[in-house]
file entry_2.cif (mmCIF, C-alpha atoms)
data_final
loop_
_atom_site.label_atom_id
_atom_site.label_comp_id
_atom_site.auth_asym_id
_atom_site.auth_seq_id
_atom_site.Cartn_x
_atom_site.Cartn_y
_atom_site.Cartn_z
CA ASN A 553 5.01 12.46 0.72
CA GLY A 554 6.64 10.60 -2.12
CA PRO A 555 5.57 10.35 -5.76
CA ASP A 556 2.16 9.20 -7.01
CA PRO A 557 1.86 5.61 -5.63
CA ASP A 558 0.02 4.44 -8.75
CA ARG A 559 3.06 5.30 -10.87
CA LEU A 560 5.60 3.51 -8.68
CA PRO A 561 7.07 0.25 -9.96
CA GLY A 562 6.66 -2.72 -7.62
CA LEU A 563 9.78 -3.96 -5.82
CA ALA A 564 10.22 -7.53 -4.56
CA VAL A 565 12.94 -8.01 -1.94
CA VAL A 566 14.78 -11.35 -1.70
CA PRO A 567 17.07 -11.67 1.36
CA GLY A 568 20.63 -12.44 0.35
CA GLY A 569 22.83 -10.77 2.96
CA SER A 570 23.96 -11.73 6.44
CA THR A 571 21.26 -9.82 8.39
CA ASN A 572 18.58 -8.78 5.85
CA VAL A 573 16.98 -6.11 8.04
CA PHE A 574 14.84 -4.59 5.29
CA ALA A 575 13.39 -7.92 4.14
CA ARG A 576 12.73 -9.12 7.68
CA ALA A 577 11.13 -5.80 8.63
CA LEU A 578 8.71 -6.34 5.74
CA GLY A 579 7.75 -9.66 7.32
CA LEU A 580 9.61 -11.92 4.88
CA PRO A 581 11.42 -15.08 6.02
CA ASN A 582 15.20 -14.78 6.37
CA ASP A 583 15.73 -17.80 4.09
CA PRO A 584 15.87 -16.76 0.39
CA VAL A 585 14.02 -19.86 -0.86
CA GLU A 586 11.18 -19.43 1.64
CA ALA A 587 11.05 -15.70 0.91
CA THR A 588 10.84 -16.35 -2.83
CA GLY A 589 7.88 -18.66 -2.24
CA ASP A 590 6.14 -15.98 -0.20
CA LEU A 591 6.81 -13.38 -2.91
CA LEU A 592 5.37 -15.61 -5.62
CA ASP A 593 2.23 -16.02 -3.51
CA ALA A 594 2.10 -12.24 -3.02
CA LEU A 595 2.36 -11.65 -6.77
CA ARG A 596 -0.46 -14.10 -7.45
CA GLU A 597 -2.62 -12.52 -4.77
CA LYS A 598 -1.55 -8.95 -5.72
CA ARG A 599 -0.39 -8.19 -2.17
CA GLU A 600 1.63 -5.01 -1.83
CA ARG A 601 2.23 -2.08 0.49
CA LEU A 602 3.70 1.41 0.42
CA VAL A 603 6.71 2.18 2.61
CA GLY A 604 8.49 5.38 3.46
CA LEU A 605 12.21 5.87 2.89
CA GLY A 606 14.91 8.02 4.41
CA LEU A 607 16.84 10.51 2.28
CA THR A 608 20.17 12.13 3.14
CA ALA A 609 21.87 15.07 1.47
CA GLY A 610 24.70 17.47 2.11
CA THR A 611 23.44 20.46 4.08
CA PRO A 612 23.27 23.73 2.11
CA GLY A 613 25.78 26.32 3.28
CA THR A 614 28.21 23.74 4.69
CA GLU A 615 31.36 22.14 3.29
CA ASP A 616 29.33 19.00 2.61
CA GLU A 617 26.61 20.71 0.56
CA ALA A 618 27.86 19.10 -2.70
CA VAL A 619 27.54 15.54 -1.33
CA PRO A 620 24.96 13.74 -3.51
CA ALA A 621 21.60 12.78 -2.04
CA ARG A 622 21.13 9.11 -1.18
CA TRP A 623 18.18 6.98 -0.06
CA PHE A 624 18.16 4.45 2.77
CA THR A 625 15.58 1.81 3.61
CA PHE A 626 16.02 0.84 7.27
CA ASN A 627 18.71 2.75 9.17
CA ALA A 628 21.58 5.22 9.12
CA GLY A 629 24.02 6.52 11.70
CA LEU A 630 26.60 9.23 12.30
CA GLY A 631 29.43 8.55 14.71
CA PHE A 632 30.07 5.40 16.72
CA ASP A 633 27.89 2.84 14.90
CA ALA A 634 29.15 4.03 11.51
CA GLY A 635 32.71 3.58 12.78
CA VAL A 636 31.87 -0.03 13.65
CA VAL A 637 30.46 -0.57 10.14
CA GLY A 638 33.66 0.83 8.63
CA ARG A 639 35.81 -1.50 10.73
CA VAL A 640 33.70 -4.51 9.73
CA GLU A 641 34.03 -3.59 6.04
CA GLN A 642 37.83 -3.39 6.43
CA GLN A 643 37.88 -6.87 7.98
CA ARG A 644 35.69 -8.28 5.19
CA GLU A 645 38.05 -6.83 2.58
CA LEU A 646 40.81 -8.79 4.33
CA GLY A 647 38.81 -11.97 3.80
CA LYS A 648 37.06 -12.27 7.17
CA LYS A 649 33.49 -13.61 7.20
CA SER A 650 30.69 -11.28 8.31
CA THR A 651 29.73 -12.98 11.57
CA HIS A 652 28.11 -11.63 14.71
CA ALA A 653 31.37 -12.31 16.59
CA LEU A 654 33.18 -10.09 14.08
CA TYR A 655 30.73 -7.26 14.77
CA VAL A 656 31.14 -7.62 18.54
CA ARG A 657 34.95 -7.46 18.23
CA GLN A 658 34.74 -4.31 16.13
CA VAL A 659 32.35 -2.69 18.61
CA VAL A 660 34.98 -3.18 21.32
CA ARG A 661 37.78 -1.85 19.11
CA GLN A 662 35.71 1.15 18.06
CA PHE A 663 34.94 1.91 21.70
CA PHE A 664 38.59 1.99 22.74
CA GLY A 665 39.51 3.98 19.64
CA GLU A 666 36.70 6.53 20.02
CA GLN A 667 38.22 9.92 20.82
CA HIS A 668 34.96 11.73 21.58
CA ARG A 669 33.07 9.16 23.62
CA ARG A 670 32.81 11.38 26.71
CA HIS A 671 32.24 14.73 25.01
CA GLY A 672 30.11 14.46 21.89
CA THR A 673 30.61 16.65 18.82
CA ILE A 674 27.19 16.24 17.17
CA THR A 675 24.36 18.80 17.26
CA LEU A 676 20.88 17.83 16.06
CA GLU A 677 18.82 20.67 14.62
CA ARG A 678 15.16 20.44 13.58
CA PRO A 679 12.50 23.00 12.67
CA GLY A 680 10.59 24.51 15.58
CA ALA A 681 12.72 23.04 18.37
CA ASP A 682 15.87 23.86 20.32
CA PRO A 683 19.04 22.15 19.11
CA ILE A 684 20.27 19.05 20.93
CA ASN A 685 24.00 19.37 21.56
CA ASP A 686 27.01 17.20 22.40
CA LEU A 687 25.83 13.86 21.03
CA VAL A 688 28.47 11.15 20.57
CA VAL A 689 26.32 9.13 18.18
CA ALA A 690 23.02 9.56 16.35
CA ILE A 691 21.25 6.39 15.20
CA VAL A 692 18.49 7.00 12.64
CA SER A 693 15.72 4.44 12.08
CA ASN A 694 13.16 4.17 9.31
CA THR A 695 11.68 0.97 10.74
CA SER A 696 11.87 -1.25 13.77
CA PRO A 697 13.79 -3.32 14.81
CA TRP A 698 17.07 -1.51 14.17
CA THR A 699 18.97 -4.73 13.44
CA TYR A 700 19.25 -8.37 14.48
CA LEU A 701 21.87 -10.29 16.45
CA GLY A 702 21.25 -13.73 15.04
CA ASN A 703 17.52 -14.22 15.50
CA ARG A 704 17.28 -11.64 18.28
CA PRO A 705 15.79 -8.31 17.15
CA MET A 706 17.33 -5.18 18.68
CA TYR A 707 15.36 -1.95 19.00
CA THR A 708 16.93 1.50 19.20
CA SER A 709 13.68 3.29 18.26
CA PRO A 710 10.82 0.85 18.93
CA LYS A 711 8.13 3.16 17.51
CA ALA A 712 9.86 3.63 14.14
CA SER A 713 7.66 2.58 11.23
CA PHE A 714 7.66 2.45 7.43
CA ASP A 715 4.34 4.32 7.67
CA LYS A 716 5.74 7.34 9.55
CA GLY A 717 8.68 9.74 9.39
CA ILE A 718 12.11 8.81 10.74
CA ASP A 719 13.22 8.29 14.34
CA VAL A 720 16.49 9.15 16.08
CA LEU A 721 18.27 7.79 19.14
CA GLY A 722 21.06 10.10 20.30
CA LEU A 723 23.57 9.28 23.03
CA SER A 724 25.64 11.99 24.68
CA ARG A 725 28.05 9.73 26.55
CA LEU A 726 29.83 6.47 25.81
CA SER A 727 31.87 5.91 28.95
CA THR A 728 32.53 2.31 29.96
CA ALA A 729 29.57 2.38 32.35
CA ALA A 730 27.30 3.98 29.73
CA VAL A 731 28.25 1.43 27.08
CA ALA A 732 27.58 -1.41 29.51
CA ARG A 733 24.19 0.10 30.41
CA TYR A 734 23.06 0.90 26.86
CA GLY A 735 24.47 -2.37 25.52
CA THR A 736 22.44 -4.31 28.09
CA GLN A 737 19.34 -2.24 27.30
CA LEU A 738 19.83 -2.90 23.59
CA LEU A 739 20.21 -6.66 24.09
CA THR A 740 17.05 -6.71 26.20
CA SER A 741 15.12 -4.16 24.11
CA SER A 742 11.60 -4.87 22.93
CA PRO A 743 8.88 -3.35 20.73
CA GLU A 744 7.81 -1.47 23.88
CA ARG A 745 11.16 -0.09 25.07
CA GLY A 746 14.60 0.72 23.70
CA PRO A 747 17.71 2.29 25.26
CA HIS A 748 16.89 5.09 27.69
CA GLY A 749 18.45 7.22 30.43
CA LYS A 750 19.71 10.73 31.16
CA HIS A 751 22.32 10.56 28.38
CA ALA A 752 19.85 9.25 25.78
CA VAL A 753 17.39 11.24 23.68
CA SER A 754 14.68 9.63 21.53
CA LEU A 755 12.79 11.49 18.79
CA HIS A 756 9.89 9.98 16.86
CA ASP A 757 8.27 10.57 13.46
CA LEU A 758 10.45 13.43 12.18
CA ASP A 759 10.05 14.84 8.68
CA GLN A 760 13.44 16.56 8.56
CA PHE A 761 16.47 17.29 10.75
CA THR A 762 20.17 18.01 10.35
CA LEU A 763 23.18 16.57 12.15
CA HIS A 764 26.22 18.87 12.43
CA SER A 765 29.54 17.72 13.87
CA LYS A 766 32.48 19.82 15.05
CA VAL A 767 34.81 17.19 13.59
CA PRO A 768 34.37 14.83 10.60
CA LEU A 769 32.61 11.62 11.67
CA PRO A 770 31.82 8.40 9.80
CA LEU A 771 28.39 8.03 8.21
CA GLN A 772 26.66 4.72 7.47
CA MET A 773 23.43 4.03 5.62
CA ASP A 774 21.82 0.57 5.44
CA GLY A 775 25.09 -0.92 6.66
CA ASP A 776 27.32 0.77 4.05
CA HIS A 777 30.15 3.00 5.25
CA LEU A 778 30.03 6.26 3.28
CA GLY A 779 33.08 8.11 4.56
CA LEU A 780 33.39 11.11 6.86
CA ARG A 781 30.84 13.92 7.12
CA THR A 782 30.47 17.11 9.16
CA SER A 783 26.88 17.92 8.21
CA VAL A 784 24.03 15.72 6.95
CA THR A 785 20.37 16.62 6.40
CA PHE A 786 17.87 13.78 6.80
CA THR A 787 14.37 13.73 5.31
CA GLY A 788 11.64 11.16 5.88
CA VAL A 789 9.75 10.61 2.61
CA ARG A 790 6.44 8.82 3.15
CA SER A 791 4.93 6.43 0.59
CA ALA A 792 8.13 6.47 -1.42
CA LEU A 793 8.30 2.81 -2.45
CA ARG A 794 5.78 0.13 -3.45
CA VAL A 795 6.87 -3.32 -2.31
CA ILE A 796 5.45 -6.77 -3.01
CA VAL A 797 4.77 -8.56 0.27
#
call {"tool": "encode", "arguments": {"input": "entry_2.cif", "output": "structure tokens"}}
result
Amino acid sequence: NGPDPDRLPGLAVVPGGSTNVFARALGLPNDPVEATGDLLDALREKRERLVGLGLTAGTPGTEDEAVPARWFTFNAGLGFDAGVVGRVEQQRELGKKSTHALYVRQVVRQFFGEQHRRHGTITLERPGADPINDLVVAIVSNTSPWTYLGNRPMYTSPKASFDKGIDVLGLSRLSTAAVARYGTQLLTSSPERGPHGKHAVSLHDLDQFTLHSKVPLPLQMDGDHLGLRTSVTFTGVRSALRVIV
């Protein structure tokens, strides 16, 4: 668990980005003016809730052990999805607008540039369980949905919740057929079902796990590209943040 909830400062979240996953997952409107009105009502009525956060750190005993710890609110990823985030950031630095079409183009480019899409390099290790080997991508969720495409929510780990630990969706193959299948499943995902199949593994409500990769892979947290990593330890910290809702 996190710190003493009574000593936590209250945080009010106003959506100001292009997708605003954290704010929308808290139930706030996507429009900043409407959300501000809701927050003012919440302050008057003293409405608040505790949410868990995810925490990453360099894994002790690895070359990444000195990487500083960092919190995330809604999702993180090692591998393919982080590569897409990095490509989008490069395009934005060139002056391109962050649109859904831009993301789709970068997904396609990342797919054709992905060297390890058929033979994954990631191993997931967690206490008390056998390791899960040869993952191409690991998508970590602290809440659900994972993200939005316009107004359409997309669920990689439908059971993920701010009130529980963290969830993981791992994929061990990203062939053309697999991408078509998982892409379709993602577009049609719901609070009841996310991507699934023999090359998909879903883990729910984890307190801690580590992702090791045989080669450096991109890491993203809350949509920010954080460079290449070979080993990252994830911790789910419950009741870490008090938010005004």
call {"tool": "residues_around", "arguments": {"input": "entry_2.cif", "residues": "A:Val689", "least_positions_apart": "2", "cutoff": "7 Å", "atoms": "only C-alpha atoms", "output": "list in words"}}
result
Leu630, Gly631, Phe632, Leu687, Ile691, Gly722 and Leu723 of chain A
call {"tool": "resolve_selection", "arguments": {"input": "entry_2.cif", "expression": "the PyMOL selection byres ((chain A and resi 590-603) around 9)", "output": "count of residues only"}}
result
28
call {"tool": "atom_distance", "arguments": {"input": "entry_2.cif", "atom1": "atom CA of A:Lys750", "atom2": "atom CA of A:Ser783"}}
result
25.1 Å
call {"tool": "residues_around", "arguments": {"input": "entry_2.cif", "residues": "stretch 693-702 of chain A", "least_positions_apart": "2", "cutoff": "6 Å", "atoms": "only C-alpha atoms", "output": "number ranges by chain"}}
result
A: 573, 626-627, 704-708, 710, 712-714, 718-719
call {"tool": "closest_residue", "arguments": {"input": "entry_2.cif", "among": "A:Pro743, A:Gly606, A:Pro612, A:Gly779", "to": "A:Asp757", "atoms": "all atoms listed in the file"}}
result
A:Gly606
call {"tool": "closest_residue", "arguments": {"input": "entry_2.cif", "among": "A:Ala575, A:Val731, A:Val784, A:Leu763", "to": "A:Gly749", "atoms": "only C-alpha atoms"}}
result
A:Val731
call {"tool": "residues_around", "arguments": {"input": "entry_2.cif", "residues": "stretch 614-621 of chain A", "least_positions_apart": "3", "cutoff": "10 Å", "atoms": "all atoms listed in the file", "output": "ChimeraX atom specification"}}
result
/A:607-611,764,780-786
call {"tool": "write_last_selection", "arguments": {"input": "entry_2.cif", "atoms": "C-alpha atoms", "output": "CSV table (one decimal), in the coordinates of the input"}}
result
chain,number,residue,atom,x,y,z
A,607,LEU,CA,16.8,10.5,2.3
A,608,THR,CA,20.2,12.1,3.1
A,609,ALA,CA,21.9,15.1,1.5
A,610,GLY,CA,24.7,17.5,2.1
A,611,THR,CA,23.4,20.5,4.1
A,764,HIS,CA,26.2,18.9,12.4
A,780,LEU,CA,33.4,11.1,6.9
A,781,ARG,CA,30.8,13.9,7.1
A,782,THR,CA,30.5,17.1,9.2
A,783,SER,CA,26.9,17.9,8.2
A,784,VAL,CA,24.0,15.7,7.0
A,785,THR,CA,20.4,16.6,6.4
A,786,PHE,CA,17.9,13.8,6.8
call {"tool": "atom_distance", "arguments": {"input": "entry_2.cif", "atom1": "atom CA of A:Gly775", "atom2": "atom CA of A:Phe624"}}
result
9.6 Å
call {"tool": "atom_distance", "arguments": {"input": "entry_2.cif", "atom1": "atom CA of A:Thr736", "atom2": "atom CA of A:Val656"}}
result
13.3 Å
call {"tool": "closest_residue", "arguments": {"input": "entry_2.cif", "among": "A:Arg725, A:Gln760, A:Glu645, A:Ala634", "to": "A:Arg678", "atoms": "only C-alpha atoms"}}
result
A:Gln760
call {"tool": "resolve_selection", "arguments": {"input": "entry_2.cif", "expression": "the PyMOL selection byres ((chain A and resi 679) around 10)", "output": "PyMOL selection string"}}
result
chain A and resi 677-678+680-683+758-762
call {"tool": "closest_residue", "arguments": {"input": "entry_2.cif", "among": "A:Thr728, A:Ser765, A:Ser650, A:Ser709", "to": "A:His748", "atoms": "all atoms listed in the file"}}
result
A:Ser709
call {"tool": "residues_near_point", "arguments": {"input": "entry_2.cif", "point": "(26.2, -9.9, 6.1)", "cutoff": "12 Å", "atoms": "only C-alpha atoms", "output": "PyMOL selection string"}}
result
chain A and resi 567-573+637+640-641+644+648-655+699-702+774-776
call {"tool": "closest_residue", "arguments": {"input": "entry_2.cif", "among": "A:Tyr734, A:Asn685, A:His751, A:Gly746", "to": "A:Thr673", "atoms": "only C-alpha atoms"}}
result
A:Asn685
call {"tool": "decode", "arguments": {"input": "entry_2.cif", "residues": "stretch 681-725 of chain A", "atoms": "N, CA and C atoms", "output": "PDB file, in the first residue's frame"}}
result
ATOM      1  N   ALA A 681       5.958 -17.899  -9.443  1.00  0.00           N
ATOM      2  CA  ALA A 681       5.416 -18.415 -10.701  1.00  0.00           C
ATOM      3  C   ALA A 681       6.556 -18.643 -11.687  1.00  0.00           C
ATOM      4  N   ASP A 682       6.326 -19.545 -12.636  1.00  0.00           N
ATOM      5  CA  ASP A 682       7.321 -19.784 -13.679  1.00  0.00           C
ATOM      6  C   ASP A 682       7.441 -18.551 -14.576  1.00  0.00           C
ATOM      7  N   PRO A 683       8.640 -18.304 -15.106  1.00  0.00           N
ATOM      8  CA  PRO A 683       8.785 -17.170 -16.022  1.00  0.00           C
ATOM      9  C   PRO A 683       8.005 -17.388 -17.315  1.00  0.00           C
ATOM     10  N   ILE A 684       7.610 -16.299 -17.934  1.00  0.00           N
ATOM     11  CA  ILE A 684       6.939 -16.335 -19.235  1.00  0.00           C
ATOM     12  C   ILE A 684       7.929 -15.786 -20.250  1.00  0.00           C
ATOM     13  N   ASN A 685       8.299 -16.613 -21.213  1.00  0.00           N
ATOM     14  CA  ASN A 685       9.395 -16.282 -22.122  1.00  0.00           C
ATOM     15  C   ASN A 685       8.910 -15.845 -23.500  1.00  0.00           C
ATOM     16  N   ASP A 686       9.844 -15.217 -24.225  1.00  0.00           N
ATOM     17  CA  ASP A 686       9.704 -14.950 -25.666  1.00  0.00           C
ATOM     18  C   ASP A 686       8.538 -14.029 -26.014  1.00  0.00           C
ATOM     19  N   LEU A 687       8.291 -13.030 -25.185  1.00  0.00           N
ATOM     20  CA  LEU A 687       7.270 -12.039 -25.507  1.00  0.00           C
ATOM     21  C   LEU A 687       7.850 -10.974 -26.438  1.00  0.00           C
ATOM     22  N   VAL A 688       7.059 -10.544 -27.406  1.00  0.00           N
ATOM     23  CA  VAL A 688       7.456  -9.459 -28.308  1.00  0.00           C
ATOM     24  C   VAL A 688       7.146  -8.103 -27.673  1.00  0.00           C
ATOM     25  N   VAL A 689       6.040  -8.054 -26.933  1.00  0.00           N
ATOM     26  CA  VAL A 689       5.602  -6.808 -26.312  1.00  0.00           C
ATOM     27  C   VAL A 689       4.923  -7.135 -25.002  1.00  0.00           C
ATOM     28  N   ALA A 690       5.078  -6.242 -24.028  1.00  0.00           N
ATOM     29  CA  ALA A 690       4.358  -6.356 -22.759  1.00  0.00           C
ATOM     30  C   ALA A 690       3.678  -5.023 -22.496  1.00  0.00           C
ATOM     31  N   ILE A 691       2.352  -5.042 -22.423  1.00  0.00           N
ATOM     32  CA  ILE A 691       1.561  -3.834 -22.207  1.00  0.00           C
ATOM     33  C   ILE A 691       1.020  -3.872 -20.780  1.00  0.00           C
ATOM     34  N   VAL A 692       1.380  -2.880 -19.990  1.00  0.00           N
ATOM     35  CA  VAL A 692       1.058  -2.844 -18.567  1.00  0.00           C
ATOM     36  C   VAL A 692      -0.057  -1.822 -18.343  1.00  0.00           C
ATOM     37  N   SER A 693      -1.090  -2.221 -17.612  1.00  0.00           N
ATOM     38  CA  SER A 693      -2.236  -1.339 -17.371  1.00  0.00           C
ATOM     39  C   SER A 693      -2.486  -1.161 -15.883  1.00  0.00           C
ATOM     40  N   ASN A 694      -2.702   0.099 -15.497  1.00  0.00           N
ATOM     41  CA  ASN A 694      -3.088   0.412 -14.122  1.00  0.00           C
ATOM     42  C   ASN A 694      -4.571   0.719 -14.013  1.00  0.00           C
ATOM     43  N   THR A 695      -5.232   0.824 -15.168  1.00  0.00           N
ATOM     44  CA  THR A 695      -6.672   1.077 -15.212  1.00  0.00           C
ATOM     45  C   THR A 695      -7.190   0.589 -16.555  1.00  0.00           C
ATOM     46  N   SER A 696      -8.473   0.676 -16.724  1.00  0.00           N
ATOM     47  CA  SER A 696      -9.103   0.253 -17.966  1.00  0.00           C
ATOM     48  C   SER A 696     -10.134   1.313 -18.355  1.00  0.00           C
ATOM     49  N   PRO A 697     -10.226   1.698 -19.630  1.00  0.00           N
ATOM     50  CA  PRO A 697      -9.543   1.156 -20.793  1.00  0.00           C
ATOM     51  C   PRO A 697      -8.060   1.549 -20.873  1.00  0.00           C
ATOM     52  N   TRP A 698      -7.370   0.876 -21.804  1.00  0.00           N
ATOM     53  CA  TRP A 698      -5.946   1.127 -22.024  1.00  0.00           C
ATOM     54  C   TRP A 698      -5.736   2.492 -22.681  1.00  0.00           C
ATOM     55  N   THR A 699      -6.520   2.787 -23.711  1.00  0.00           N
ATOM     56  CA  THR A 699      -6.476   4.084 -24.369  1.00  0.00           C
ATOM     57  C   THR A 699      -7.775   4.279 -25.138  1.00  0.00           C
ATOM     58  N   TYR A 700      -7.842   5.354 -25.887  1.00  0.00           N
ATOM     59  CA  TYR A 700      -9.024   5.667 -26.699  1.00  0.00           C
ATOM     60  C   TYR A 700      -8.589   5.955 -28.133  1.00  0.00           C
ATOM     61  N   LEU A 701      -9.392   5.521 -29.085  1.00  0.00           N
ATOM     62  CA  LEU A 701      -9.243   5.919 -30.479  1.00  0.00           C
ATOM     63  C   LEU A 701     -10.437   6.805 -30.786  1.00  0.00           C
ATOM     64  N   GLY A 702     -10.217   8.116 -30.702  1.00  0.00           N
ATOM     65  CA  GLY A 702     -11.350   9.033 -30.737  1.00  0.00           C
ATOM     66  C   GLY A 702     -12.174   8.854 -29.476  1.00  0.00           C
ATOM     67  N   ASN A 703     -13.458   8.539 -29.667  1.00  0.00           N
ATOM     68  CA  ASN A 703     -14.332   8.266 -28.521  1.00  0.00           C
ATOM     69  C   ASN A 703     -14.460   6.779 -28.214  1.00  0.00           C
ATOM     70  N   ARG A 704     -13.752   5.960 -28.966  1.00  0.00           N
ATOM     71  CA  ARG A 704     -13.857   4.509 -28.769  1.00  0.00           C
ATOM     72  C   ARG A 704     -12.821   4.049 -27.743  1.00  0.00           C
ATOM     73  N   PRO A 705     -13.248   3.496 -26.612  1.00  0.00           N
ATOM     74  CA  PRO A 705     -12.294   2.951 -25.652  1.00  0.00           C
ATOM     75  C   PRO A 705     -11.724   1.632 -26.155  1.00  0.00           C
ATOM     76  N   MET A 706     -10.451   1.384 -25.876  1.00  0.00           N
ATOM     77  CA  MET A 706      -9.811   0.127 -26.254  1.00  0.00           C
ATOM     78  C   MET A 706      -9.231  -0.519 -25.002  1.00  0.00           C
ATOM     79  N   TYR A 707      -9.493  -1.816 -24.867  1.00  0.00           N
ATOM     80  CA  TYR A 707      -9.172  -2.545 -23.639  1.00  0.00           C
ATOM     81  C   TYR A 707      -8.126  -3.622 -23.921  1.00  0.00           C
ATOM     82  N   THR A 708      -6.942  -3.484 -23.344  1.00  0.00           N
ATOM     83  CA  THR A 708      -5.965  -4.574 -23.400  1.00  0.00           C
ATOM     84  C   THR A 708      -6.108  -5.474 -22.182  1.00  0.00           C
ATOM     85  N   SER A 709      -6.439  -4.890 -21.038  1.00  0.00           N
ATOM     86  CA  SER A 709      -6.635  -5.634 -19.784  1.00  0.00           C
ATOM     87  C   SER A 709      -7.930  -5.147 -19.149  1.00  0.00           C
ATOM     88  N   PRO A 710      -9.072  -5.692 -19.566  1.00  0.00           N
ATOM     89  CA  PRO A 710     -10.371  -5.147 -19.140  1.00  0.00           C
ATOM     90  C   PRO A 710     -10.586  -5.120 -17.632  1.00  0.00           C
ATOM     91  N   LYS A 711      -9.925  -6.014 -16.886  1.00  0.00           N
ATOM     92  CA  LYS A 711     -10.152  -6.072 -15.442  1.00  0.00           C
ATOM     93  C   LYS A 711      -9.252  -5.126 -14.654  1.00  0.00           C
ATOM     94  N   ALA A 712      -8.356  -4.422 -15.332  1.00  0.00           N
ATOM     95  CA  ALA A 712      -7.442  -3.506 -14.630  1.00  0.00           C
ATOM     96  C   ALA A 712      -8.236  -2.424 -13.908  1.00  0.00           C
ATOM     97  N   SER A 713      -7.754  -2.032 -12.732  1.00  0.00           N
ATOM     98  CA  SER A 713      -8.505  -1.090 -11.904  1.00  0.00           C
ATOM     99  C   SER A 713      -7.564  -0.276 -11.036  1.00  0.00           C
ATOM    100  N   PHE A 714      -7.929   0.990 -10.805  1.00  0.00           N
ATOM    101  CA  PHE A 714      -7.175   1.836  -9.879  1.00  0.00           C
ATOM    102  C   PHE A 714      -7.193   1.266  -8.456  1.00  0.00           C
ATOM    103  N   ASP A 715      -8.129   0.372  -8.170  1.00  0.00           N
ATOM    104  CA  ASP A 715      -8.278  -0.175  -6.819  1.00  0.00           C
ATOM    105  C   ASP A 715      -7.503  -1.473  -6.608  1.00  0.00           C
ATOM    106  N   LYS A 716      -6.822  -1.953  -7.659  1.00  0.00           N
ATOM    107  CA  LYS A 716      -6.090  -3.221  -7.569  1.00  0.00           C
ATOM    108  C   LYS A 716      -4.627  -3.012  -7.938  1.00  0.00           C
ATOM    109  N   GLY A 717      -3.895  -4.135  -8.085  1.00  0.00           N
ATOM    110  CA  GLY A 717      -2.523  -4.056  -8.560  1.00  0.00           C
ATOM    111  C   GLY A 717      -2.506  -3.724 -10.044  1.00  0.00           C
ATOM    112  N   ILE A 718      -1.446  -4.126 -10.738  1.00  0.00           N
ATOM    113  CA  ILE A 718      -1.335  -3.804 -12.164  1.00  0.00           C
ATOM    114  C   ILE A 718      -1.501  -5.058 -13.009  1.00  0.00           C
ATOM    115  N   ASP A 719      -1.989  -4.870 -14.234  1.00  0.00           N
ATOM    116  CA  ASP A 719      -2.262  -5.959 -15.165  1.00  0.00           C
ATOM    117  C   ASP A 719      -1.260  -5.920 -16.322  1.00  0.00           C
ATOM    118  N   VAL A 720      -1.083  -7.070 -16.959  1.00  0.00           N
ATOM    119  CA  VAL A 720      -0.171  -7.170 -18.099  1.00  0.00           C
ATOM    120  C   VAL A 720      -0.829  -7.970 -19.212  1.00  0.00           C
ATOM    121  N   LEU A 721      -0.694  -7.477 -20.433  1.00  0.00           N
ATOM    122  CA  LEU A 721      -0.995  -8.255 -21.632  1.00  0.00           C
ATOM    123  C   LEU A 721       0.320  -8.459 -22.365  1.00  0.00           C
ATOM    124  N   GLY A 722       0.718  -9.724 -22.541  1.00  0.00           N
ATOM    125  CA  GLY A 722       1.926 -10.038 -23.289  1.00  0.00           C
ATOM    126  C   GLY A 722       1.579 -10.766 -24.573  1.00  0.00           C
ATOM    127  N   LEU A 723       2.257 -10.404 -25.660  1.00  0.00           N
ATOM    128  CA  LEU A 723       2.059 -11.076 -26.943  1.00  0.00           C
ATOM    129  C   LEU A 723       3.388 -11.678 -27.380  1.00  0.00           C
ATOM    130  N   SER A 724       3.342 -12.935 -27.798  1.00  0.00           N
ATOM    131  CA  SER A 724       4.580 -13.622 -28.169  1.00  0.00           C
ATOM    132  C   SER A 724       4.775 -13.709 -29.682  1.00  0.00           C
ATOM    133  N   ARG A 725       3.858 -13.148 -30.441  1.00  0.00           N
ATOM    134  CA  ARG A 725       4.038 -13.124 -31.895  1.00  0.00           C
ATOM    135  C   ARG A 725       3.331 -11.924 -32.483  1.00  0.00           C
TER     136      ARG A 725
END
